[in-house]
Structures are given as C-alpha cells and as structure tokens.
Amino acid sequence: MPVLHLVIPFLDEEATLGTIVERVQGCPWPNGWSARVILVDDGSDHPAAESARLLAERLGAVLLRHEVNRGKGAALRTGFRHAVDTAAPDDLVGVQDADLEYAPGDLVPIVAGFQQQGAAIDAAFGNRWTGERRSAIRRVHRFGNRMLTRLSNTLTGLQVSDMECCYKVVRVPMLERILPDLDEDRFAIEPQLAASLARHGARVVEFPVSYDPRSFAEGKKIGVGDAISAFASMLREWRRTRRHRRAVRRSAGS
C-alpha cells in the first residue's frame, strides 16, 4: 500500500500538535493510501517535548528531535531524510505545519491527483490564494507572497502561484534527487525547494488549499527578516542552477 509520509516540524506547539495529528489520521485517504506522521521536535522546551513524546506514543507517530532549535529548514531535512530512508519508491513525502493554519483534509485531493496522473506529476504545491476571505493580514501576506513567488518563477522557470505555501508533496525518487541540494535552515527552505525541483526538471502542479493565518500575537514566527533571507536564497539558487547547467553542458560535450 502506498503511503504519504507527512513531516511535521514543530517548536513548543503542544497546544495544537495533537489536533493536527488527529486530523491527519482522520483524513479519508484515497483507496489503498495511508498516512504516516513524522514529527520533528526542533528544540522544544521540556514540557512541550514531553507532551510530544506522549502524543507520538499514543497516536503511533514517529518522533525525531533536535536538542537545540535549528530552524524549520533543518527540521524538514531531518524529517525528509528519515522518510526517504524508510519509504518505498511509490510513496509520497509531504509537509504539514503544526499550527492550525492549514486543513489536512486538503491533502486528500493532492494525493488523489498523484494517484490519477501517475508519472506525469513529480511534485505538487498548494495554492492558498483562491477564494480566500478578505482581511488586512491576508492582503499584506498575499502581496508579499506574490512578489516572492514572481521572483522565484522568474529565476526558476516554474509557474506556480504560491511558492511559500506549506503544502508541498513530492514523490520519493524526486525527493532523493533534491535532498543533497537542501541546506537552508530557516524559512528560506521554501524557495530552495522550488529552485531545487526546477533544477532537476520536476513536473510541478498546483492544488487549491484553505488557509486561516495566525497573527504574530498567536505565535506566527515568520517575519520581514525571513522575506529578505528568501530573496537571498533565490539568488544563491539561481547561481547554483547556472553552475549546474554549465556542468551538464560540459559533460554532454565531452
């Protein structure tokens, strides 16, 4: 049976972690599919870490831990590596945030899309900006996201609408190819994932997903500094892609 290995990085989010895992496990996955939850504790304090340990035991989730906080990108790499090492070639690996901004049920049609289209899809991104409710935080967030996504598309050649969306699902063989490229420790892992997929010729599609953003008072961690880091990461990845293409041409001509 094929499996969606869902990596959930978290830091001191015991208030919502159990709800998210239960929602994932309660999803009506397409016929023959199941989900395997991989929790990555990115340096939570002792009470939160102990809560996560008990949760993983109760719900049958895998729990990996960083003793110190290293950032979302580092936590995703830890989860990705475990998934690749334990998954079958026909499996999928995805990302789920530990808060309640995203609805795990939106992953069901994404998995169904992989099942229906077969080898025509290597990766899928969620798109939060279709029919969303209007609010000031959504307008500001969407504007910043649109600017970063446009730059990413220009530099990578991808045509996605929401490069920063948490929901990214990748086939195991493609994730194995791009994993050595991933070295961003914080939120710049998002544009790096997009650039790495483009560099390796991944066929990327989009699916609409719902989105209920937290405010900073409620614990949202991403900020202006992360947008600047994302911009810098995109430029680094663009240069890396140019070097990669030159190496490919030299190899083909030898």
# chains A, B, ... in the order shown; residues from 1 in each chain; ligands from 1

$ residues_around --residues "Arg128 of chain A" --least-positions-apart "4" --cutoff "9 Å" --atoms "only C-alpha atoms" --output "PyMOL selection string"
chain A and resi 132+142+161-162+165+207-211

$ select_by_dssp --residues "segment 11-237 of chain A" --states "helix (DSSP H, G or I)" --output "NGL selection string"
:A and (14-25 or 46-59 or 72-86 or 104-120 or 136-156 or 172-181 or 189-199 or 216-218 or 224-237)

$ write_last_selection --atoms "C-alpha atoms" --output "short mmCIF file (atom, residue, chain, number, x, y, z; two decimals), in the first residue's frame"
data_model
loop_
_atom_site.label_atom_id
_atom_site.label_comp_id
_atom_site.auth_asym_id
_atom_site.auth_seq_id
_atom_site.Cartn_x
_atom_site.Cartn_y
_atom_site.Cartn_z
CA GLU A 14 1.82 21.40 22.18
CA ALA A 15 -1.48 23.33 22.18
CA THR A 16 -2.20 22.44 18.55
CA LEU A 17 0.08 19.49 17.73
CA GLY A 18 -2.29 16.79 18.93
CA THR A 19 -5.20 18.30 16.99
CA ILE A 20 -3.21 18.37 13.76
CA VAL A 21 -2.01 14.77 14.10
CA GLU A 22 -5.54 13.57 14.85
CA ARG A 23 -6.88 15.47 11.82
CA VAL A 24 -4.22 13.89 9.59
CA GLN A 25 -5.04 10.44 10.86
CA HIS A 46 10.95 20.15 28.36
CA PRO A 47 7.16 20.30 28.96
CA ALA A 48 6.42 20.60 25.22
CA ALA A 49 8.96 17.90 24.35
CA GLU A 50 7.47 15.51 26.89
CA SER A 51 3.97 16.27 25.65
CA ALA A 52 5.09 15.44 22.10
CA ARG A 53 6.67 12.18 23.25
CA LEU A 54 3.47 11.06 24.91
CA LEU A 55 1.44 12.16 21.89
CA ALA A 56 3.65 10.17 19.50
CA GLU A 57 3.30 7.07 21.67
CA ARG A 58 -0.48 7.45 21.90
CA LEU A 59 -1.09 8.10 18.19
CA LYS A 72 12.22 24.91 10.00
CA GLY A 73 14.53 24.06 7.10
CA ALA A 74 16.81 21.96 9.29
CA ALA A 75 13.81 20.19 10.82
CA LEU A 76 12.38 19.42 7.39
CA ARG A 77 15.70 17.98 6.22
CA THR A 78 15.76 15.69 9.26
CA GLY A 79 12.23 14.53 8.51
CA PHE A 80 12.88 14.19 4.77
CA ARG A 81 15.96 12.06 5.36
CA HIS A 82 14.07 9.72 7.67
CA ALA A 83 11.20 9.49 5.16
CA VAL A 84 13.49 8.72 2.21
CA ASP A 85 15.36 6.10 4.23
CA THR A 86 12.14 4.30 5.21
CA PRO A 104 -5.05 18.36 6.46
CA GLY A 105 -8.14 17.35 4.51
CA ASP A 106 -6.81 19.48 1.63
CA LEU A 107 -4.04 16.90 1.21
CA VAL A 108 -6.57 14.23 0.19
CA PRO A 109 -7.22 15.61 -3.34
CA ILE A 110 -3.49 16.20 -3.74
CA VAL A 111 -2.76 12.53 -3.06
CA ALA A 112 -5.65 11.58 -5.37
CA GLY A 113 -4.08 13.75 -8.08
CA PHE A 114 -0.81 11.84 -7.85
CA GLN A 115 -2.73 8.58 -7.97
CA GLN A 116 -4.73 9.61 -11.05
CA GLN A 117 -1.96 11.26 -13.07
CA GLY A 118 0.82 8.81 -12.24
CA ALA A 119 4.27 9.66 -13.56
CA ALA A 120 3.00 12.95 -15.03
CA ALA A 136 -5.78 43.01 6.39
CA ILE A 137 -3.31 40.25 7.31
CA ARG A 138 -4.35 38.23 4.26
CA ARG A 139 -3.91 41.22 1.91
CA VAL A 140 -0.45 42.06 3.28
CA HIS A 141 0.60 38.41 3.33
CA ARG A 142 -0.68 37.81 -0.19
CA PHE A 143 1.11 40.89 -1.57
CA GLY A 144 4.47 39.85 -0.08
CA ASN A 145 3.98 36.26 -1.15
CA ARG A 146 3.07 37.33 -4.69
CA MET A 147 6.28 39.36 -5.02
CA LEU A 148 8.46 36.49 -3.77
CA THR A 149 6.63 33.96 -5.94
CA ARG A 150 7.02 36.09 -9.07
CA LEU A 151 10.75 36.43 -8.46
CA SER A 152 11.06 32.71 -7.80
CA ASN A 153 9.19 31.89 -11.02
CA THR A 154 11.39 34.26 -12.99
CA LEU A 155 14.59 32.69 -11.66
CA THR A 156 13.50 29.05 -11.77
CA VAL A 172 10.20 9.78 -3.11
CA PRO A 173 12.59 9.38 -6.10
CA MET A 174 12.46 13.14 -6.78
CA LEU A 175 13.00 13.99 -3.11
CA GLU A 176 16.06 11.71 -3.10
CA ARG A 177 17.44 13.71 -6.04
CA ILE A 178 16.93 17.16 -4.50
CA LEU A 179 17.74 16.33 -0.85
CA PRO A 180 21.51 16.87 -1.26
CA ASP A 181 20.75 20.40 -2.55
CA ILE A 189 13.82 26.35 2.65
CA GLU A 190 10.61 27.18 0.71
CA PRO A 191 12.24 28.97 -2.27
CA GLN A 192 15.12 26.49 -2.11
CA LEU A 193 12.70 23.59 -2.53
CA ALA A 194 11.14 25.31 -5.54
CA ALA A 195 14.54 26.03 -7.10
CA SER A 196 15.83 22.51 -6.49
CA LEU A 197 12.74 20.94 -8.04
CA ALA A 198 13.08 23.17 -11.10
CA ARG A 199 16.79 22.45 -11.44
CA PHE A 216 2.01 37.29 15.45
CA ALA A 217 0.33 37.54 18.86
CA GLU A 218 -0.94 34.00 18.34
CA VAL A 224 10.36 40.59 7.32
CA GLY A 225 13.82 39.16 8.01
CA ASP A 226 12.68 35.83 6.60
CA ALA A 227 11.48 37.54 3.41
CA ILE A 228 14.95 39.05 2.99
CA SER A 229 16.50 35.62 3.59
CA ALA A 230 14.16 34.12 0.99
CA PHE A 231 15.27 36.74 -1.55
CA ALA A 232 18.94 35.98 -0.83
CA SER A 233 18.28 32.25 -1.10
CA MET A 234 16.65 32.67 -4.51
CA LEU A 235 19.70 34.49 -5.83
CA ARG A 236 22.02 31.80 -4.46
CA GLU A 237 19.90 29.08 -6.04
#

$ residues_around --residues "Gly71 of chain A" --least-positions-apart "2" --cutoff "10 Å" --atoms "only C-alpha atoms" --output "PDB file with C-alpha atoms, in the first residue's frame"
ATOM      1  CA  PRO A   9       8.235  20.255  12.245  1.00  0.00           C
ATOM      2  CA  PHE A  10       7.308  21.987  15.491  1.00  0.00           C
ATOM      3  CA  LEU A  11       8.663  24.174  18.276  1.00  0.00           C
ATOM      4  CA  ASP A  42      13.065  21.420  16.748  1.00  0.00           C
ATOM      5  CA  GLY A  43      14.332  22.063  20.268  1.00  0.00           C
ATOM      6  CA  HIS A  66      16.814  18.351  17.693  1.00  0.00           C
ATOM      7  CA  VAL A  68      18.570  22.799  20.162  1.00  0.00           C
ATOM      8  CA  ASN A  69      16.443  24.912  17.844  1.00  0.00           C
ATOM      9  CA  GLY A  73      14.530  24.057   7.103  1.00  0.00           C
ATOM     10  CA  ALA A  74      16.808  21.959   9.293  1.00  0.00           C
ATOM     11  CA  ALA A  75      13.805  20.187  10.818  1.00  0.00           C
ATOM     12  CA  LEU A  76      12.384  19.420   7.388  1.00  0.00           C
ATOM     13  CA  GLU A 184      18.671  26.292   4.263  1.00  0.00           C
ATOM     14  CA  ASP A 185      17.988  26.135   7.997  1.00  0.00           C
ATOM     15  CA  ARG A 186      15.050  28.535   8.312  1.00  0.00           C
ATOM     16  CA  PHE A 187      12.069  29.587   6.219  1.00  0.00           C
ATOM     17  CA  ALA A 188      14.206  30.104   3.111  1.00  0.00           C
ATOM     18  CA  ILE A 189      13.819  26.349   2.651  1.00  0.00           C
TER      19      ILE A 189
END

$ residues_around --residues "Val62 of chain A" --least-positions-apart "4" --cutoff "7 Å" --atoms "only C-alpha atoms" --output "list in words"
Val37, Ile38, Leu39 and Ala56 of chain A

$ write_last_selection --atoms "C-alpha atoms" --output "compact mmCIF listing (two decimals), in the first residue's frame"
# COMPACT_ATOMS: atom_id res chain seq x y z
CA VAL A 37 3.22 11.08 10.58
CA ILE A 38 6.84 12.08 11.21
CA LEU A 39 7.10 14.68 13.98
CA ALA A 56 3.65 10.17 19.50

$ closest_residue --among "A:Ala252, A:Val3, A:Ala98, A:Leu63" --to "Asn31 of chain A" --atoms "only C-alpha atoms"
A:Val3

$ atom_distance --atom1 "atom CA of Trp238 of chain A" --atom2 "atom CA of Leu182 of chain A"
13.8 Å
